[in-house]
Amino acid sequence: KREYMRPHRQPVDPNTPMQWQVFRQLWPYLLEFKQRVILALLCLVAAKLASIGLPFILKHTVDSLNDDTVKALAVPLSLVFAYGVLRLSNVLLGEVRDTLFGRVTERAMRRLGLQVFEHLHRLDLGFHLSRQTGGLSRDIERGTSGISFLMRFMVFNIGPTLLEIALVVGVLLTQYGVSFALIILCSVIAYVWFSMKATDWRTEYVRQVNQADSSTNTRAIDSLLNYETVKYFNNEQYEANLYDSNLAQWETARRKNRLSLFALNGGQAFIIATAMTSMLLLAALEVSEGNMSIGDFVLINAFTMQIFMPLNFLGFVYREIRGSLANIENLFKLLDRTPQVDDSQDATTLVTREGRIEFEQVSFAYHDDRPILSNVSFTVEPGSKVAVVGESGAGKSTLVKLLFRFYDPASGRIIIDGQNIAGVTQHSLRQHIGIVPQDTVLFNDSIFENIRYGRPDASEDDVHEAIRLAHLDQFISQLPEGAQTKVGERGLKLSGGEKQRVAIARAILKRPAIMVFDEATSSLDSQSEQAILRALREVAKGHTSLVIAHRLSTIVDADKILVMSQGRLIEHGNHDALLSQQGVYAGLWQAQQKQAT
């Protein structure tokens with residue numbers, strides 16, 4: 001368990017502004033490295049004090065050079081040397097600060113990345129069936145980067161900049177009078193107010209750019225994943241037109257975003273120019289009247305430059321923070337999405353003794369207006385083979401999804417060895433069930449690693465034994481790289497039959513108490529099918545097997561055959577008994593026999 005790697009997240013209050021919600025959720029990441037954060041903050045304060053001291057060094061240097069009574073160079077040289085030391089200290093302290101806090105930021109990104117990854121795997125099958133992979137990946141990428149930006153700049157830029165502004169205003173007020181302090185204070189207030197208002201106004205354009213970017217990326221990935229379909233239907237130009245339409249929306253959003261940025265930067269530049277001109281004009285008048293020295297003029301100019309450099313950066317940071325908040329909005333919505341199927345607080349670990357499966361009055365519907373299963377009840381005895389047949393849409397594969405608890409029944413119970421699967425952990429439930437699915441999707445890795453995925457800690461000998469039992473050894477021996485051959489994205493380099501054999505080998509390697517075969521041999525030729533069926537019979541000995549079948553010839557040896565129609569069980573018995581009933585099963589058998597001939 002990695003509980004220490006998942007900081008507790010506060011529930012979302014819809015009435016709370018998004019930014020406070022984000023900052024509250026970031027706090028646990030900062031607390032993980034308290035000592036580093038404290039040291040980084042001390043370096044920050046020391047660097048700011050050094051930067052405040054620089055204008056005073058400049059003042060005294062200029063005054064000493066301008067003073068005819070100072071004959072020796074020792075005083076100005078020592079001041080120049082002190083200026084260099086302070087400047088170097090300011091830079092080095094900033095670097096040490098960034099180095100110390102870099103670990104905090106990188107660890108937070110790692111923690112958050114893992115948290116999102118684990119959360120996505122906890123979400124229900126319904127979410128993943130309707131997700132858009134391209135847009136989702138971009139939302140996660142932008143959200144993670146946005147959180148990194150928030151952590152770094154909120155701690156090391158906004159707070160320190162406000163501290164520096166307060167120190168400079170205090171120095172000007174005590175040393176040079178209220179006029180200089182008021183100019184700086186009023187210009188800072190005007191700058192911050194304008195920046196916040198203008199940035200809030202243009203945040204909508206940032207959202208539009210992100211939405212257009214996600215849509216464009218989703219369209220591109222979706223089209224490339226379905227490359228063969230595009231080619232089959234000669235729709236390259238159609239896909240290009242759709243992609244260009246999304247790009248046009250992105251272009252328009254980017255243009256609006258750029259123009260709004262121009263307005264923001266122009267307003268900020270006007271405020272800064274007005275403030276700096278006013279400060280220098282007032283200082284020049286004071287010097288001409290003999291109330292201030294040239295060194296004081298240089299100090300005020302340095303302070304004005306120094307205050308507006310971070311202030312200008314503060315505007316940039318605020319803009320970026322608002323942009324980051326827009327970026328991570330979808331990420332936090334994703335993290336706050338609760339799975340429809342979740343373990344109960346008192347969930348126990350499933351213990352299989354015999355492998356008995358019981359469906360008791362199970363009803364289910366993906367949508368309320370379309371029931372899929374209605375009061376389905378049957379028992380799979382330990383070590384037996386039960387097959388489920390019926391027309392397409394009868395609810396056969398839904399039984400498998402409910403058994404794996406991808407969904408919970410609307411009513412009724414599913415019991416394994418006397419334990420209601422709703423009361424056990426999903427991890428322990430799926431640990432005891434192996435499956436050969438109808439549509440096998442493989443990882444973009446070698447054949448060997450795709451098979452070992454069934455039991456990642458399996459030895460090489462175990463994997464090769466599974467390859468032999470799945471009758472894959474002859475096929476693999478013909479490949480130049482053997483079992484290390486890459487299968488391509490989603491296994492596209494293999495044929496349907498070859499992918500199903502890999503899936504069968506993977507299930508054989510897992511060797512769980514319960515085996516599920518969902519049209520497991522639908523992509524195989526008759527000769528390969530019979531060979532694999534013999535292997536499966538051998539492997540299934542002593543295991544409970546549930547078989548979803550289309551080809552009735554593959555389940556004639558089943559201990560019990562369940563016939564489904566429109567979500568209900570209408571017949572059951574073994575092959576011979578069902579044929580003798582001359583019912584639905586007999587009709588399906590005769591139809592398939594005619595097709596075979």
# chains A, B, ... in the order shown; residues from 1 in each chain; ligands from 1

call {"tool": "residues_around", "arguments": {"residues": "A:Arg142", "least_positions_apart": "3", "cutoff": "8 Å", "atoms": "only C-alpha atoms", "output": "JSON, numbers by chain"}}
result
{"A": [138, 139, 145, 146, 324, 327, 328]}

call {"tool": "residues_around", "arguments": {"residues": "A:Val441", "least_positions_apart": "3", "cutoff": "8 Å", "atoms": "only C-alpha atoms", "output": "ChimeraX atom specification"}}
result
/A:490-491,499

call {"tool": "write_last_selection", "arguments": {"atoms": "all heavy atoms", "output": "PDB file, in the first residue's frame"}}
result
ATOM      1  N   ARG A 490      -1.334  -1.766 -29.630  1.00  0.00           N
ATOM      2  CA  ARG A 490      -2.565  -2.547 -29.501  1.00  0.00           C
ATOM      3  C   ARG A 490      -2.454  -3.902 -30.199  1.00  0.00           C
ATOM      4  O   ARG A 490      -3.446  -4.517 -30.549  1.00  0.00           O
ATOM      5  CB  ARG A 490      -3.753  -1.754 -30.047  1.00  0.00           C
ATOM      6  CG  ARG A 490      -4.027  -0.462 -29.291  1.00  0.00           C
ATOM      7  CD  ARG A 490      -4.947   0.499 -29.995  1.00  0.00           C
ATOM      8  NE  ARG A 490      -6.267  -0.076 -30.182  1.00  0.00           N
ATOM      9  CZ  ARG A 490      -6.899  -0.124 -31.342  1.00  0.00           C
ATOM     10  NH1 ARG A 490      -6.330   0.347 -32.434  1.00  0.00           N
ATOM     11  NH2 ARG A 490      -8.089  -0.647 -31.424  1.00  0.00           N
ATOM     12  N   GLY A 491      -1.212  -4.369 -30.447  1.00  0.00           N
ATOM     13  CA  GLY A 491      -1.014  -5.673 -31.064  1.00  0.00           C
ATOM     14  C   GLY A 491      -1.330  -5.723 -32.543  1.00  0.00           C
ATOM     15  O   GLY A 491      -1.636  -6.790 -33.087  1.00  0.00           O
ATOM     16  N   LYS A 499      -3.240 -12.974 -31.843  1.00  0.00           N
ATOM     17  CA  LYS A 499      -3.490 -12.211 -30.617  1.00  0.00           C
ATOM     18  C   LYS A 499      -4.276 -13.045 -29.609  1.00  0.00           C
ATOM     19  O   LYS A 499      -4.004 -12.996 -28.412  1.00  0.00           O
ATOM     20  CB  LYS A 499      -4.254 -10.923 -30.944  1.00  0.00           C
ATOM     21  CG  LYS A 499      -3.398  -9.846 -31.582  1.00  0.00           C
ATOM     22  CD  LYS A 499      -4.057  -8.480 -31.519  1.00  0.00           C
ATOM     23  CE  LYS A 499      -5.294  -8.405 -32.386  1.00  0.00           C
ATOM     24  NZ  LYS A 499      -5.854  -7.028 -32.387  1.00  0.00           N
TER      25      LYS A 499
END

call {"tool": "residues_around", "arguments": {"residues": "A:Asp368", "least_positions_apart": "4", "cutoff": "10 Å", "atoms": "only C-alpha atoms", "output": "PyMOL selection string"}}
result
chain A and resi 364+372+410

call {"tool": "write_last_selection", "arguments": {"atoms": "N, CA and C atoms", "output": "PDB file, in the first residue's frame"}}
result
ATOM      1  N   PHE A 364     -29.808  -6.162 -14.537  1.00  0.00           N
ATOM      2  CA  PHE A 364     -28.847  -5.091 -14.836  1.00  0.00           C
ATOM      3  C   PHE A 364     -29.272  -4.361 -16.092  1.00  0.00           C
ATOM      4  N   ILE A 372     -30.807  -5.077 -19.686  1.00  0.00           N
ATOM      5  CA  ILE A 372     -29.948  -6.069 -20.351  1.00  0.00           C
ATOM      6  C   ILE A 372     -30.166  -7.457 -19.754  1.00  0.00           C
ATOM      7  N   ALA A 410     -28.110  -4.155 -10.764  1.00  0.00           N
ATOM      8  CA  ALA A 410     -29.184  -3.293 -10.245  1.00  0.00           C
ATOM      9  C   ALA A 410     -29.891  -3.983  -9.092  1.00  0.00           C
TER      10      ALA A 410
END

call {"tool": "closest_atom_pairs", "arguments": {"of": "stretch 409-443 of chain A", "to": "stretch 397-402 of chain A", "cutoff": "12 Å", "atoms": "only C-alpha atoms", "output": "Markdown table"}}
result
| residue | atom | partner | partner_atom | distance |
| --- | --- | --- | --- | --- |
| A:Pro409 | CA | A:Leu402 | CA | 6.9 |
| A:Ala410 | CA | A:Leu402 | CA | 10.5 |
| A:Ser411 | CA | A:Leu402 | CA | 11.6 |
| A:Gly412 | CA | A:Leu402 | CA | 11.2 |
| A:Arg413 | CA | A:Leu402 | CA | 10.0 |
| A:Ile414 | CA | A:Leu402 | CA | 8.1 |
| A:Ile415 | CA | A:Leu402 | CA | 11.2 |
| A:Ile421 | CA | A:Leu402 | CA | 9.6 |
| A:Ala422 | CA | A:Leu402 | CA | 10.3 |
| A:Gln426 | CA | A:Leu402 | CA | 11.6 |
| A:Leu429 | CA | A:Leu402 | CA | 11.5 |
| A:Arg430 | CA | A:Lys401 | CA | 11.1 |
| A:Ile433 | CA | A:Val400 | CA | 10.4 |
| A:Gly434 | CA | A:Val400 | CA | 11.0 |
| A:Ile435 | CA | A:Val400 | CA | 9.2 |
| A:Val436 | CA | A:Val400 | CA | 10.9 |
| A:Pro437 | CA | A:Ser397 | CA | 9.6 |
| A:Gln438 | CA | A:Ser397 | CA | 9.4 |
| A:Asp439 | CA | A:Ser397 | CA | 11.6 |

call {"tool": "write_last_selection", "arguments": {"atoms": "N, CA, C and O atoms", "output": "PDB file, in the first residue's frame"}}
result
ATOM      1  N   PRO A 409     -24.688  -5.125 -10.143  1.00  0.00           N
ATOM      2  CA  PRO A 409     -26.065  -5.404 -10.582  1.00  0.00           C
ATOM      3  C   PRO A 409     -27.045  -4.386 -10.015  1.00  0.00           C
ATOM      4  O   PRO A 409     -26.844  -3.829  -8.934  1.00  0.00           O
ATOM      5  N   ALA A 410     -28.110  -4.155 -10.764  1.00  0.00           N
ATOM      6  CA  ALA A 410     -29.184  -3.293 -10.245  1.00  0.00           C
ATOM      7  C   ALA A 410     -29.891  -3.983  -9.092  1.00  0.00           C
ATOM      8  O   ALA A 410     -30.340  -3.335  -8.136  1.00  0.00           O
ATOM      9  N   SER A 411     -29.993  -5.299  -9.172  1.00  0.00           N
ATOM     10  CA  SER A 411     -30.562  -6.096  -8.087  1.00  0.00           C
ATOM     11  C   SER A 411     -29.986  -7.499  -8.183  1.00  0.00           C
ATOM     12  O   SER A 411     -29.462  -7.903  -9.222  1.00  0.00           O
ATOM     13  N   GLY A 412     -30.104  -8.237  -7.106  1.00  0.00           N
ATOM     14  CA  GLY A 412     -29.559  -9.586  -7.084  1.00  0.00           C
ATOM     15  C   GLY A 412     -28.132  -9.620  -6.558  1.00  0.00           C
ATOM     16  O   GLY A 412     -27.542  -8.590  -6.223  1.00  0.00           O
ATOM     17  N   ARG A 413     -27.558 -10.835  -6.496  1.00  0.00           N
ATOM     18  CA  ARG A 413     -26.212 -11.008  -5.945  1.00  0.00           C
ATOM     19  C   ARG A 413     -25.408 -11.965  -6.819  1.00  0.00           C
ATOM     20  O   ARG A 413     -25.965 -12.848  -7.477  1.00  0.00           O
ATOM     21  N   ILE A 414     -24.097 -11.781  -6.792  1.00  0.00           N
ATOM     22  CA  ILE A 414     -23.161 -12.728  -7.405  1.00  0.00           C
ATOM     23  C   ILE A 414     -22.270 -13.229  -6.285  1.00  0.00           C
ATOM     24  O   ILE A 414     -21.644 -12.432  -5.574  1.00  0.00           O
ATOM     25  N   ILE A 415     -22.213 -14.544  -6.118  1.00  0.00           N
ATOM     26  CA  ILE A 415     -21.530 -15.143  -4.976  1.00  0.00           C
ATOM     27  C   ILE A 415     -20.452 -16.098  -5.468  1.00  0.00           C
ATOM     28  O   ILE A 415     -20.679 -16.898  -6.384  1.00  0.00           O
ATOM     29  N   ILE A 421     -19.592 -10.880  -3.975  1.00  0.00           N
ATOM     30  CA  ILE A 421     -18.447 -10.147  -4.531  1.00  0.00           C
ATOM     31  C   ILE A 421     -18.564  -8.638  -4.281  1.00  0.00           C
ATOM     32  O   ILE A 421     -17.563  -7.919  -4.384  1.00  0.00           O
ATOM     33  N   ALA A 422     -19.753  -8.147  -3.940  1.00  0.00           N
ATOM     34  CA  ALA A 422     -19.902  -6.728  -3.608  1.00  0.00           C
ATOM     35  C   ALA A 422     -19.224  -6.399  -2.283  1.00  0.00           C
ATOM     36  O   ALA A 422     -18.953  -5.227  -2.003  1.00  0.00           O
ATOM     37  N   GLN A 426     -12.003  -5.429  -5.029  1.00  0.00           N
ATOM     38  CA  GLN A 426     -11.942  -5.717  -6.459  1.00  0.00           C
ATOM     39  C   GLN A 426     -10.614  -6.377  -6.826  1.00  0.00           C
ATOM     40  O   GLN A 426     -10.559  -7.239  -7.701  1.00  0.00           O
ATOM     41  N   LEU A 429     -10.772 -10.021  -5.950  1.00  0.00           N
ATOM     42  CA  LEU A 429     -11.729 -10.696  -6.820  1.00  0.00           C
ATOM     43  C   LEU A 429     -11.078 -11.032  -8.160  1.00  0.00           C
ATOM     44  O   LEU A 429     -11.120 -12.186  -8.624  1.00  0.00           O
ATOM     45  N   ARG A 430     -10.466 -10.044  -8.792  1.00  0.00           N
ATOM     46  CA  ARG A 430      -9.893 -10.244 -10.129  1.00  0.00           C
ATOM     47  C   ARG A 430      -8.621 -11.074 -10.084  1.00  0.00           C
ATOM     48  O   ARG A 430      -8.203 -11.641 -11.093  1.00  0.00           O
ATOM     49  N   ILE A 433      -9.624 -14.662 -10.914  1.00  0.00           N
ATOM     50  CA  ILE A 433     -10.317 -14.931 -12.180  1.00  0.00           C
ATOM     51  C   ILE A 433      -9.386 -14.629 -13.345  1.00  0.00           C
ATOM     52  O   ILE A 433      -8.781 -13.557 -13.399  1.00  0.00           O
ATOM     53  N   GLY A 434      -9.272 -15.570 -14.255  1.00  0.00           N
ATOM     54  CA  GLY A 434      -8.522 -15.335 -15.483  1.00  0.00           C
ATOM     55  C   GLY A 434      -9.484 -15.255 -16.656  1.00  0.00           C
ATOM     56  O   GLY A 434     -10.565 -15.838 -16.623  1.00  0.00           O
ATOM     57  N   ILE A 435      -9.086 -14.520 -17.698  1.00  0.00           N
ATOM     58  CA  ILE A 435      -9.987 -14.331 -18.835  1.00  0.00           C
ATOM     59  C   ILE A 435      -9.227 -14.360 -20.147  1.00  0.00           C
ATOM     60  O   ILE A 435      -8.086 -13.884 -20.242  1.00  0.00           O
ATOM     61  N   VAL A 436      -9.880 -14.929 -21.147  1.00  0.00           N
ATOM     62  CA  VAL A 436      -9.452 -14.791 -22.549  1.00  0.00           C
ATOM     63  C   VAL A 436     -10.561 -14.015 -23.231  1.00  0.00           C
ATOM     64  O   VAL A 436     -11.626 -14.563 -23.512  1.00  0.00           O
ATOM     65  N   PRO A 437     -10.358 -12.703 -23.481  1.00  0.00           N
ATOM     66  CA  PRO A 437     -11.442 -11.894 -24.032  1.00  0.00           C
ATOM     67  C   PRO A 437     -11.634 -12.104 -25.521  1.00  0.00           C
ATOM     68  O   PRO A 437     -10.761 -12.645 -26.211  1.00  0.00           O
ATOM     69  N   GLN A 438     -12.772 -11.667 -26.006  1.00  0.00           N
ATOM     70  CA  GLN A 438     -13.060 -11.775 -27.438  1.00  0.00           C
ATOM     71  C   GLN A 438     -12.161 -10.839 -28.240  1.00  0.00           C
ATOM     72  O   GLN A 438     -11.609 -11.212 -29.260  1.00  0.00           O
ATOM     73  N   ASP A 439     -12.022  -9.599 -27.756  1.00  0.00           N
ATOM     74  CA  ASP A 439     -11.194  -8.612 -28.435  1.00  0.00           C
ATOM     75  C   ASP A 439      -9.930  -8.419 -27.621  1.00  0.00           C
ATOM     76  O   ASP A 439      -9.928  -7.727 -26.610  1.00  0.00           O
TER      77      ASP A 439
END

call {"tool": "closest_residue", "arguments": {"among": "A:Ala558, A:Ala483, A:Ile271, A:Ala470", "to": "A:Phe308", "atoms": "only C-alpha atoms"}}
result
A:Ile271

call {"tool": "closest_residue", "arguments": {"among": "A:Thr379, A:Gln592, A:Asn420, A:Thr440", "to": "A:Thr544", "atoms": "only C-alpha atoms"}}
result
A:Thr379

call {"tool": "atom_distance", "arguments": {"atom1": "atom CA of A:Leu282", "atom2": "atom CA of A:Leu182"}}
result
11.9 Å

call {"tool": "closest_residue", "arguments": {"among": "A:Leu494, A:Val556, A:Met109, A:Ile508", "to": "A:Val463", "atoms": "only C-alpha atoms"}}
result
A:Ile508

call {"tool": "closest_residue", "arguments": {"among": "A:Pro456, A:Gly113, A:Gly94, A:Gly423", "to": "A:Ile140", "atoms": "only C-alpha atoms"}}
result
A:Gly113

call {"tool": "select_by_dssp", "arguments": {"residues": "stretch 400-455 of chain A", "states": "alpha helix (DSSP H)", "output": "list in words"}}
result
Val400, Lys401, Leu402, Leu403, Gln426, His427, Ser428, Leu429, Arg430, Gln431, Ile447, Phe448, Glu449, Asn450, Ile451 and Arg452 of chain A

call {"tool": "closest_residue", "arguments": {"among": "A:Gln340, A:Ser288, A:Ser64, A:Ser195", "to": "A:Gly266", "atoms": "only C-alpha atoms"}}
result
A:Ser195

call {"tool": "closest_residue", "arguments": {"among": "A:Leu92, A:Ala302, A:Val188, A:Val380", "to": "A:Leu58", "atoms": "only C-alpha atoms"}}
result
A:Ala302
